[in-house]
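Novice: Dumping the structure here so I can ask a few things about it.
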Amino acid sequence: MATANPIDYLPIIIQFIVAIGFVIFGMIGSHLLGPKKHSKVKDDSFECGIEAQGNARLPFNVKYFLTAILFVLFDVEVIFMYPWAVNFRDNLGNGTWFWEMILFVVFLMLGFLYIIKKGALDWD
């Protein structure tokens, strides 16, 4: 069993130094080379060719954000199922894969039932 020497980590350290240097160079370079003129038209917010109207700080119902977070949560969990489904035939003889996925789906459904019981998806 080989032990890791500190010299083995040199490529990773060099990559971190190059990445941090690139970020610092980009930030300083954009500050020094970027435009310095400011005007009302230039500093005005612009989105999709439509001029902004009213205040952008309107209150939104928290249900929008809750639905978005729940969508991302369950979407990521479904993404974990994709590699399992692709490799299902290769691991057909191994029964633990099947039961692990059954357990995963049970936990997923328990979370979904909890969300329904709490009324997170009920819109009034």
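Numbering starts fresh at 1 for the residues of each chain in the structure tokens, the chains themselves are lettered A, B, ... in the order given, and ligands are numbered from 1 as they appear.
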So which residues touch stretch 98-109 of chain A within 12 Å, counting only C-alpha atoms, skipping near sequence neighbours fewer than 4 positions away, as JSON, numbers by chain?

Specialist: {"A": [70, 73, 74, 75, 76, 77, 78, 80, 81, 82, 83, 84, 85, 87, 88, 89, 90, 91, 92, 93, 94, 113, 114, 115, 116, 117]}

Novice: Just to be explicit: take each residue in the selection above, keep N, CA and C atoms, and write the result as a compact mmCIF listing (two decimals), in the first residue's frame.

Specialist:
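Generated output (result00.txt):
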# COMPACT_ATOMS: atom_id res chain seq x y z
N LEU A 70 -38.96 22.99 -3.86
CA LEU A 70 -39.40 21.59 -3.88
C LEU A 70 -39.16 20.96 -5.25
N LEU A 73 -35.50 20.17 -5.44
CA LEU A 73 -35.20 19.04 -4.56
C LEU A 73 -35.59 17.71 -5.20
N PHE A 74 -36.80 17.60 -5.67
CA PHE A 74 -37.26 16.34 -6.25
C PHE A 74 -36.63 16.10 -7.62
N ASP A 75 -36.31 17.15 -8.35
CA ASP A 75 -35.65 16.99 -9.64
C ASP A 75 -34.26 16.41 -9.45
N VAL A 76 -33.52 16.88 -8.46
CA VAL A 76 -32.19 16.35 -8.18
C VAL A 76 -32.28 14.89 -7.74
N GLU A 77 -33.29 14.57 -6.97
CA GLU A 77 -33.43 13.18 -6.54
C GLU A 77 -33.76 12.26 -7.72
N VAL A 78 -34.53 12.75 -8.68
CA VAL A 78 -34.83 11.95 -9.86
C VAL A 78 -33.57 11.78 -10.72
N PHE A 80 -30.68 11.28 -9.63
CA PHE A 80 -29.93 10.17 -9.04
C PHE A 80 -30.48 8.82 -9.53
N MET A 81 -31.72 8.79 -9.95
CA MET A 81 -32.30 7.53 -10.43
C MET A 81 -31.85 7.19 -11.85
N TYR A 82 -31.46 8.17 -12.63
CA TYR A 82 -31.12 7.92 -14.03
C TYR A 82 -29.95 6.95 -14.19
N PRO A 83 -28.81 7.16 -13.52
CA PRO A 83 -27.71 6.19 -13.69
C PRO A 83 -28.09 4.79 -13.23
N TRP A 84 -28.92 4.72 -12.22
CA TRP A 84 -29.37 3.41 -11.74
C TRP A 84 -30.17 2.71 -12.82
N ALA A 85 -31.06 3.45 -13.49
CA ALA A 85 -31.89 2.85 -14.53
C ALA A 85 -31.05 2.44 -15.73
N ASN A 87 -27.91 1.47 -15.71
CA ASN A 87 -27.09 0.32 -15.34
C ASN A 87 -27.89 -0.83 -14.75
N PHE A 88 -29.19 -0.77 -14.81
CA PHE A 88 -30.03 -1.78 -14.17
C PHE A 88 -29.77 -3.17 -14.74
N ARG A 89 -29.70 -3.30 -16.04
CA ARG A 89 -29.53 -4.61 -16.67
C ARG A 89 -28.16 -5.21 -16.33
N ASP A 90 -27.13 -4.36 -16.23
CA ASP A 90 -25.79 -4.86 -15.90
C ASP A 90 -25.72 -5.40 -14.47
N ASN A 91 -26.51 -4.86 -13.58
CA ASN A 91 -26.47 -5.25 -12.17
C ASN A 91 -27.70 -6.06 -11.76
N LEU A 92 -28.32 -6.71 -12.72
CA LEU A 92 -29.53 -7.46 -12.45
C LEU A 92 -29.29 -8.61 -11.47
N GLY A 93 -28.13 -9.22 -11.53
CA GLY A 93 -27.84 -10.34 -10.63
C GLY A 93 -27.58 -9.89 -9.21
N ASN A 94 -27.24 -8.62 -9.02
CA ASN A 94 -26.95 -8.09 -7.69
C ASN A 94 -28.25 -7.54 -7.09
N LEU A 113 -45.05 12.73 0.80
CA LEU A 113 -46.26 12.68 1.64
C LEU A 113 -46.19 13.69 2.77
N TYR A 114 -45.01 13.91 3.33
CA TYR A 114 -44.84 14.92 4.38
C TYR A 114 -45.16 16.31 3.84
N ILE A 115 -44.68 16.59 2.63
CA ILE A 115 -44.95 17.88 2.01
C ILE A 115 -46.44 18.05 1.77
N ILE A 116 -47.11 17.01 1.29
CA ILE A 116 -48.55 17.09 1.07
C ILE A 116 -49.29 17.27 2.38
N LYS A 117 -48.87 16.54 3.43
CA LYS A 117 -49.53 16.64 4.74
C LYS A 117 -49.38 18.04 5.33

Novice: Run DSSP on the backbone and grab whatever in stretch 36-93 of chain A lands in alpha helix (DSSP H); send it over as a PyMOL selection string.

Specialist: chain A and resi 40-43+62-86

Novice: Run DSSP on the backbone and give me the residues of chain A it puts in strand (DSSP E), as a count of residues only.

Specialist: 4

Novice: Give me the residues near stretch 54-62 of chain A as a list in words, where near means some atom within 12 Å (using only C-alpha atoms) and where sequence neighbours in that chain fewer than 6 positions away do not count.

Specialist: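 The neighbour list is Ser45, Ala68, Ile69, Ala120, Leu121, Trp123 and Asp124 of chain A.
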
Novice: Using the selection just defined, write its residues with N, CA and C atoms as a tab-separated table (two decimals), in the first residue's frame.

Specialist:
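File result.tsv, as written:
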chain	number	residue	atom	x	y	z
A	45	SER	N	-31.68	49.86	-15.31
A	45	SER	CA	-31.83	48.41	-15.49
A	45	SER	C	-32.57	48.13	-16.80
A	68	ALA	N	-40.67	26.27	-6.10
A	68	ALA	CA	-39.41	26.20	-6.85
A	68	ALA	C	-38.38	25.35	-6.10
A	69	ILE	N	-38.27	25.53	-4.81
A	69	ILE	CA	-37.31	24.76	-4.02
A	69	ILE	C	-37.69	23.29	-4.01
A	120	ALA	N	-47.85	22.14	1.73
A	120	ALA	CA	-46.92	23.01	0.99
A	120	ALA	C	-47.35	23.20	-0.45
A	121	LEU	N	-48.11	22.28	-1.01
A	121	LEU	CA	-48.54	22.38	-2.39
A	121	LEU	C	-49.98	22.86	-2.53
A	123	TRP	N	-52.70	25.57	-2.87
A	123	TRP	CA	-52.80	26.96	-3.27
A	123	TRP	C	-54.19	27.47	-2.93
A	124	ASP	N	-54.23	28.52	-2.20
A	124	ASP	CA	-55.52	29.12	-1.80
A	124	ASP	C	-55.94	30.19	-2.77
